[in-house]
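See structure below.
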Amino acid sequence: MAFPVVTRKVKLNNGVEIPIVGSGAYAPPDADQVEVKNWILGALKNGFRHIDTARGYGTEKAVGEAIRESGIPREEIFVTTKLPWNRHDAVRESFEESLSDLGLGYIDLYLVHWPQAIEYQPGNDFPTRPDGSAFLNEKVTFNDSWAEVEKLLDTGKVRAIGVSNFSVKTFEQLFKTAKIVPAVNQVELHPYLTQNELREYCTRKGIVLTAYTPSGYSKVRADPLIVSIAEKYKVTPTQVILAWHLSRNTIVVPKSVNSQRQKENITIPTNISEEDLAHIWHLDRGERICNKPDPVTRRVWGWTDVQLGWEDFHAPTQ
């Protein structure tokens, strides 16, 4: 069965609409930027109208070039980028650098990539001490950086603002000072990590969830339940998982450099029964796959799981 390209959008708490399916634009530090531009251009040609990049990915220039080469009007493409962890005390400067590298005139969604602040050292995005711990910037908090992100809305150069990797715990701290409720919280989210408590909290606050690592990589795609549903409906395991996300209005940003897989990621089946989708919730095991805490230190990019508010796992109730 052929399915149409997903053009569905989600309305954010400030009225801005965002395509529910986007293409991730992460690339390793040594990636060839011409190749990056080409596969992002391929994603646009395959129907994607939402590109998710970040200052920390180093792909903003490639994203901008791909969009300009695509010939698609700027206003038809939604671009997300992010404040890196080492620029919490230089929000406006980092935002302007992203704006310049993208070269698109404005940014649709700007996220605080991580709540923790790392010291800024040019050419070293994650400076560490001799014992391997991160050089944290303790002169600034995410409350401080969020206040500066709020001011960006007055520039007219960004349409919506939000956060990434925030938990109920960090949100509670943020809301002690925040004047604007984040529009989006982008987090790791897949069938092995359904984030039920966070989902309920964000729903109450009017915050939309975006799932990164939405398929759970090959580990979740190979789960017998996912495979059996895929076989039943004659689709791929990734398409099953993405359909599960969309059934709960979760934005997804799968990333692939392969044109055929890009097409699969943007043509998501709509005929999977609610009963079959409901079974997927029972796979939840609170397992992080992309950003997994160190088993000894419990740190994730400088902070412990306790600091991040990631230490608790509540089993699904469904």
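Identifiers for the structure tokens are assigned positionally: chains receive A, B, ... in sequence, residues are indexed from 1 per chain, and ligands are indexed from 1 in the order shown.
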
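Around region 298-305 of chain A, within 9 Å and counting only C-alpha atoms, the residues found are A:Gln116, A:Ala117, A:Ile118, A:Phe126, A:Thr128, A:Ser133, A:Ala134, A:Phe135, A:Leu136, A:Asn291, A:Lys292, A:Pro293, A:Trp310, A:Glu311, A:Asp312, once anything fewer than 5 positions away on its own chain is removed.
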
Only C-alpha atoms, please: the residues just picked out, written as a PDB file, in the first residue's frame.
```pdb
ATOM      1  CA  GLN A 116      23.724  22.387  31.634  1.00  0.00           C
ATOM      2  CA  ALA A 117      26.248  25.096  30.791  1.00  0.00           C
ATOM      3  CA  ILE A 118      29.756  24.088  29.712  1.00  0.00           C
ATOM      4  CA  PHE A 126      33.413  19.767  25.417  1.00  0.00           C
ATOM      5  CA  THR A 128      37.207  18.205  30.321  1.00  0.00           C
ATOM      6  CA  SER A 133      34.646  15.499  34.167  1.00  0.00           C
ATOM      7  CA  ALA A 134      33.384  18.484  32.195  1.00  0.00           C
ATOM      8  CA  PHE A 135      34.464  22.062  32.725  1.00  0.00           C
ATOM      9  CA  LEU A 136      31.063  23.327  33.789  1.00  0.00           C
ATOM     10  CA  ASN A 291      22.272   9.728  25.522  1.00  0.00           C
ATOM     11  CA  LYS A 292      22.865   7.014  28.081  1.00  0.00           C
ATOM     12  CA  PRO A 293      24.292   7.950  31.519  1.00  0.00           C
ATOM     13  CA  TRP A 310      16.465  11.609  34.488  1.00  0.00           C
ATOM     14  CA  GLU A 311      16.919   9.257  37.435  1.00  0.00           C
ATOM     15  CA  ASP A 312      13.341   8.084  37.850  1.00  0.00           C
TER      16      ASP A 312
END
```

Name the residues in contact with Val158 (chain A) at a cut-off of 9 Å, using only C-alpha atoms, excluding same-chain residues fewer than 6 positions from it; report them as a VMD selection string. chain A and resid 106 to 110 152

Selected residues written out, N, CA and C atoms, as a short mmCIF file (atom, residue, chain, number, x, y, z; two decimals), in the first residue's frame:
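Result file follows (out-v3.cif):
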```cif
data_model
loop_
_atom_site.label_atom_id
_atom_site.label_comp_id
_atom_site.auth_asym_id
_atom_site.auth_seq_id
_atom_site.Cartn_x
_atom_site.Cartn_y
_atom_site.Cartn_z
N TYR A 106 15.64 34.36 8.90
CA TYR A 106 15.05 34.16 10.22
C TYR A 106 15.10 32.68 10.56
N ILE A 107 14.88 32.38 11.83
CA ILE A 107 14.86 31.00 12.34
C ILE A 107 13.43 30.73 12.82
N ASP A 108 12.90 29.58 12.49
CA ASP A 108 11.53 29.27 12.89
C ASP A 108 11.43 28.87 14.36
N LEU A 109 12.37 28.05 14.82
CA LEU A 109 12.34 27.58 16.21
C LEU A 109 13.75 27.53 16.76
N TYR A 110 13.96 28.16 17.91
CA TYR A 110 15.28 28.19 18.54
C TYR A 110 15.17 27.54 19.91
N LEU A 152 14.95 37.22 22.41
CA LEU A 152 15.14 37.05 20.97
C LEU A 152 13.84 37.23 20.20
#
```

Leaving out Gly22 (chain A) and any residue of its chain fewer than 6 positions from it, which residues lie within 7 Å of it when counting only C-alpha atoms, given as a PyMOL selection string? chain A and resi 48-52+252-254

Mind checking DSSP for region 19-242 of chain A and telling me the alpha helix (DSSP H) residues as number ranges by chain? A: 33-45, 60-70, 91-102, 142-152, 168-174, 196-205, 217-221, 224-233, 237-242

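Nearest residue to Val36 (chain A), choosing from A:Lys151, A:His190, A:Lys61, A:Arg199 and counting only C-alpha atoms: A:Lys61.
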
Can you list, as a PyMOL selection string, every protein, DNA or RNA residue that comes within 12 Å of Val257 (chain A) when you count only C-alpha atoms, leaving out same-chain residues fewer than 6 positions away? chain A and resi 23-27+31+35-44+46+263+265

Dump of all heavy atoms for the selected residues, as a short mmCIF file (atom, residue, chain, number, x, y, z; two decimals), in the first residue's frame:
```
data_model
loop_
_atom_site.label_atom_id
_atom_site.label_comp_id
_atom_site.auth_asym_id
_atom_site.auth_seq_id
_atom_site.Cartn_x
_atom_site.Cartn_y
_atom_site.Cartn_z
N SER A 23 13.35 16.31 9.22
CA SER A 23 14.58 15.57 8.99
C SER A 23 15.65 16.08 9.93
O SER A 23 15.95 17.28 9.94
CB SER A 23 15.05 15.74 7.55
OG SER A 23 16.34 15.17 7.37
N GLY A 24 16.23 15.19 10.72
CA GLY A 24 17.36 15.57 11.55
C GLY A 24 18.54 15.92 10.67
O GLY A 24 18.69 15.38 9.56
N ALA A 25 19.39 16.82 11.15
CA ALA A 25 20.54 17.25 10.35
C ALA A 25 21.84 17.11 11.12
O ALA A 25 22.80 17.86 10.89
CB ALA A 25 20.36 18.70 9.88
N TYR A 26 21.89 16.13 12.04
CA TYR A 26 23.15 15.88 12.75
C TYR A 26 24.16 15.24 11.80
O TYR A 26 23.82 14.42 10.94
CB TYR A 26 22.93 14.93 13.93
CG TYR A 26 24.24 14.46 14.53
CD1 TYR A 26 24.96 15.28 15.39
CD2 TYR A 26 24.78 13.22 14.17
CE1 TYR A 26 26.19 14.89 15.90
CE2 TYR A 26 26.02 12.82 14.68
CZ TYR A 26 26.70 13.65 15.55
OH TYR A 26 27.93 13.25 16.04
N ALA A 27 25.43 15.65 11.97
CA ALA A 27 26.52 15.02 11.23
C ALA A 27 27.74 14.97 12.14
O ALA A 27 27.93 15.85 12.97
CB ALA A 27 26.85 15.80 9.97
N ALA A 31 32.49 15.27 9.13
CA ALA A 31 31.66 15.04 7.95
C ALA A 31 32.00 16.01 6.83
O ALA A 31 32.32 17.18 7.08
CB ALA A 31 30.18 15.18 8.31
N GLU A 35 28.66 16.76 1.20
CA GLU A 35 27.81 15.57 1.30
C GLU A 35 26.61 15.84 2.21
O GLU A 35 25.50 15.39 1.92
CB GLU A 35 28.63 14.39 1.83
CG GLU A 35 29.67 13.88 0.85
CD GLU A 35 30.41 12.66 1.37
OE1 GLU A 35 30.05 12.17 2.47
OE2 GLU A 35 31.34 12.19 0.69
N VAL A 36 26.85 16.56 3.31
CA VAL A 36 25.75 16.92 4.22
C VAL A 36 24.70 17.72 3.46
O VAL A 36 23.50 17.44 3.53
CB VAL A 36 26.28 17.71 5.43
CG1 VAL A 36 25.11 18.20 6.27
CG2 VAL A 36 27.21 16.84 6.28
N LYS A 37 25.16 18.73 2.73
CA LYS A 37 24.23 19.57 1.96
C LYS A 37 23.43 18.70 0.98
O LYS A 37 22.22 18.89 0.84
CB LYS A 37 25.01 20.63 1.18
CG LYS A 37 24.13 21.55 0.34
CD LYS A 37 24.89 22.22 -0.78
CE LYS A 37 25.28 21.21 -1.87
NZ LYS A 37 25.92 21.85 -3.03
N ASN A 38 24.09 17.76 0.35
CA ASN A 38 23.43 16.94 -0.66
C ASN A 38 22.35 16.05 -0.06
O ASN A 38 21.27 15.89 -0.66
CB ASN A 38 24.46 16.11 -1.43
CG ASN A 38 25.29 16.96 -2.39
OD1 ASN A 38 24.88 18.05 -2.78
ND2 ASN A 38 26.47 16.47 -2.76
N TRP A 39 22.61 15.43 1.10
CA TRP A 39 21.55 14.58 1.63
C TRP A 39 20.42 15.38 2.27
O TRP A 39 19.26 14.94 2.30
CB TRP A 39 22.06 13.47 2.54
CG TRP A 39 22.80 13.79 3.80
CD1 TRP A 39 24.13 13.66 4.02
CD2 TRP A 39 22.25 14.20 5.07
NE1 TRP A 39 24.45 13.99 5.31
CE2 TRP A 39 23.31 14.32 5.98
CE3 TRP A 39 20.96 14.48 5.52
CZ2 TRP A 39 23.14 14.71 7.31
CZ3 TRP A 39 20.77 14.88 6.84
CH2 TRP A 39 21.85 14.99 7.72
N ILE A 40 20.71 16.60 2.74
CA ILE A 40 19.62 17.46 3.22
C ILE A 40 18.79 17.93 2.02
O ILE A 40 17.55 17.95 2.08
CB ILE A 40 20.19 18.66 3.99
CG1 ILE A 40 20.83 18.18 5.30
CG2 ILE A 40 19.08 19.68 4.30
CD1 ILE A 40 21.59 19.24 6.06
N LEU A 41 19.46 18.25 0.92
CA LEU A 41 18.75 18.61 -0.30
C LEU A 41 17.88 17.45 -0.76
O LEU A 41 16.74 17.63 -1.19
CB LEU A 41 19.76 18.99 -1.38
CG LEU A 41 19.23 19.47 -2.73
CD1 LEU A 41 18.35 20.71 -2.56
CD2 LEU A 41 20.39 19.77 -3.68
N GLY A 42 18.41 16.23 -0.64
CA GLY A 42 17.63 15.05 -0.97
C GLY A 42 16.39 14.92 -0.11
O GLY A 42 15.31 14.56 -0.60
N ALA A 43 16.53 15.22 1.18
CA ALA A 43 15.38 15.15 2.09
C ALA A 43 14.30 16.14 1.66
O ALA A 43 13.10 15.82 1.67
CB ALA A 43 15.83 15.43 3.52
N LEU A 44 14.72 17.34 1.27
CA LEU A 44 13.76 18.34 0.81
C LEU A 44 13.06 17.88 -0.46
O LEU A 44 11.85 18.02 -0.60
CB LEU A 44 14.48 19.67 0.57
CG LEU A 44 15.02 20.38 1.83
CD1 LEU A 44 15.95 21.51 1.45
CD2 LEU A 44 13.88 20.90 2.70
N ASN A 46 12.52 14.89 -1.27
CA ASN A 46 11.66 13.75 -0.93
C ASN A 46 10.44 14.16 -0.12
O ASN A 46 9.64 13.30 0.25
CB ASN A 46 12.47 12.70 -0.17
CG ASN A 46 13.37 11.90 -1.10
OD1 ASN A 46 13.02 11.64 -2.24
ND2 ASN A 46 14.54 11.49 -0.59
N LYS A 263 12.41 8.60 2.19
CA LYS A 263 11.05 8.46 1.67
C LYS A 263 10.18 7.66 2.64
O LYS A 263 9.00 7.98 2.84
CB LYS A 263 11.08 7.78 0.31
CG LYS A 263 11.69 8.64 -0.79
CD LYS A 263 11.81 7.86 -2.11
CE LYS A 263 12.49 8.70 -3.18
NZ LYS A 263 12.67 7.95 -4.46
N ASN A 265 10.60 7.55 5.86
CA ASN A 265 10.40 8.37 7.05
C ASN A 265 9.34 9.45 6.88
O ASN A 265 8.80 9.96 7.87
CB ASN A 265 11.72 9.05 7.46
CG ASN A 265 12.75 8.08 7.99
OD1 ASN A 265 12.42 6.94 8.36
ND2 ASN A 265 14.00 8.50 8.04
#
```

Identify, on the basis of only C-alpha atoms, every residue whose closest approach to region 226-241 of chain A does not exceed 9 Å; exclude the query and any residue fewer than 5 positions from it along the same chain; express the result as a PDB file with N, CA and C atoms, in the first residue's frame.
```pdb
ATOM      1  N   MET A   1       0.844  -1.195   0.000  1.00  0.00           N
ATOM      2  CA  MET A   1       0.000   0.000   0.000  1.00  0.00           C
ATOM      3  C   MET A   1       0.878   1.243   0.000  1.00  0.00           C
ATOM      4  N   HIS A 190      11.183   7.116  22.371  1.00  0.00           N
ATOM      5  CA  HIS A 190      10.936   5.975  21.479  1.00  0.00           C
ATOM      6  C   HIS A 190      10.228   4.893  22.296  1.00  0.00           C
ATOM      7  N   PRO A 191       9.857   3.763  21.717  1.00  0.00           N
ATOM      8  CA  PRO A 191       9.095   2.764  22.462  1.00  0.00           C
ATOM      9  C   PRO A 191       9.771   2.217  23.723  1.00  0.00           C
ATOM     10  N   PRO A 214      13.859   8.887  17.301  1.00  0.00           N
ATOM     11  CA  PRO A 214      12.475   8.415  17.423  1.00  0.00           C
ATOM     12  C   PRO A 214      12.282   6.936  17.158  1.00  0.00           C
ATOM     13  N   SER A 215      13.167   6.315  16.343  1.00  0.00           N
ATOM     14  CA  SER A 215      12.999   4.885  16.067  1.00  0.00           C
ATOM     15  C   SER A 215      13.702   4.008  17.084  1.00  0.00           C
ATOM     16  N   GLY A 216      14.533   4.628  17.950  1.00  0.00           N
ATOM     17  CA  GLY A 216      15.283   3.836  18.915  1.00  0.00           C
ATOM     18  C   GLY A 216      16.413   3.042  18.292  1.00  0.00           C
ATOM     19  N   TYR A 217      16.837   3.475  17.110  1.00  0.00           N
ATOM     20  CA  TYR A 217      17.913   2.804  16.387  1.00  0.00           C
ATOM     21  C   TYR A 217      17.555   1.337  16.127  1.00  0.00           C
ATOM     22  N   VAL A 220      15.567  -0.992  18.934  1.00  0.00           N
ATOM     23  CA  VAL A 220      14.112  -0.994  19.072  1.00  0.00           C
ATOM     24  C   VAL A 220      13.450  -1.493  17.790  1.00  0.00           C
ATOM     25  N   ARG A 221      14.027  -1.135  16.653  1.00  0.00           N
ATOM     26  CA  ARG A 221      13.444  -1.584  15.382  1.00  0.00           C
ATOM     27  C   ARG A 221      13.415  -3.108  15.264  1.00  0.00           C
ATOM     28  N   LEU A 246       3.145   9.584  15.871  1.00  0.00           N
ATOM     29  CA  LEU A 246       2.166  10.513  15.329  1.00  0.00           C
ATOM     30  C   LEU A 246       0.771  10.285  15.911  1.00  0.00           C
ATOM     31  N   GLU A 264      10.754   6.627   3.259  1.00  0.00           N
ATOM     32  CA  GLU A 264      10.006   5.840   4.245  1.00  0.00           C
ATOM     33  C   GLU A 264       9.662   6.693   5.464  1.00  0.00           C
ATOM     34  N   ASN A 265      10.601   7.554   5.862  1.00  0.00           N
ATOM     35  CA  ASN A 265      10.398   8.372   7.054  1.00  0.00           C
ATOM     36  C   ASN A 265       9.341   9.453   6.879  1.00  0.00           C
ATOM     37  N   ILE A 266       9.054   9.824   5.644  1.00  0.00           N
ATOM     38  CA  ILE A 266       8.082  10.887   5.381  1.00  0.00           C
ATOM     39  C   ILE A 266       6.759  10.344   4.842  1.00  0.00           C
ATOM     40  N   THR A 267       6.679   9.019   4.585  1.00  0.00           N
ATOM     41  CA  THR A 267       5.425   8.385   4.164  1.00  0.00           C
ATOM     42  C   THR A 267       5.042   7.356   5.219  1.00  0.00           C
ATOM     43  N   ILE A 268       4.323   7.817   6.202  1.00  0.00           N
ATOM     44  CA  ILE A 268       4.037   7.018   7.400  1.00  0.00           C
ATOM     45  C   ILE A 268       2.634   6.423   7.313  1.00  0.00           C
ATOM     46  N   PRO A 269       2.487   5.118   7.552  1.00  0.00           N
ATOM     47  CA  PRO A 269       1.182   4.468   7.423  1.00  0.00           C
ATOM     48  C   PRO A 269       0.138   5.026   8.388  1.00  0.00           C
ATOM     49  N   ASN A 271      -2.925   3.297   8.563  1.00  0.00           N
ATOM     50  CA  ASN A 271      -3.908   2.214   8.700  1.00  0.00           C
ATOM     51  C   ASN A 271      -3.588   1.239   9.835  1.00  0.00           C
ATOM     52  N   ILE A 272      -2.571   1.524  10.645  1.00  0.00           N
ATOM     53  CA  ILE A 272      -2.265   0.635  11.777  1.00  0.00           C
ATOM     54  C   ILE A 272      -3.312   0.864  12.857  1.00  0.00           C
ATOM     55  N   ASP A 276      -3.169  -2.202  17.863  1.00  0.00           N
ATOM     56  CA  ASP A 276      -1.777  -2.589  17.619  1.00  0.00           C
ATOM     57  C   ASP A 276      -0.815  -1.521  18.130  1.00  0.00           C
ATOM     58  N   LEU A 277      -1.165  -0.261  17.917  1.00  0.00           N
ATOM     59  CA  LEU A 277      -0.310   0.821  18.416  1.00  0.00           C
ATOM     60  C   LEU A 277      -0.247   0.807  19.942  1.00  0.00           C
ATOM     61  N   ILE A 280       2.451  -1.188  21.735  1.00  0.00           N
ATOM     62  CA  ILE A 280       3.818  -0.648  21.727  1.00  0.00           C
ATOM     63  C   ILE A 280       4.153   0.046  23.037  1.00  0.00           C
TER      64      ILE A 280
END
```

Run DSSP on the backbone and give me the residues of region 53-277 of chain A it puts in strand (DSSP E or B), as an MDAnalysis selection string. chainID A and resid 78:83 107:112 118 121 124 128 134 136 158:164 184:188 190 193 208:212 251:252

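Going from CA of Val306 (chain A) to CA of Thr81 (chain A) covers 26.5 Å.
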
Just the residues within 12 Å of Phe171 (chain A), please, counting only C-alpha atoms, with nothing from its chain fewer than 5 positions along; format it as an MDAnalysis selection string. chainID A and resid 115 142:143 146 162:166 176:178 181:182 184:185 198 201:202 205 207 307:309
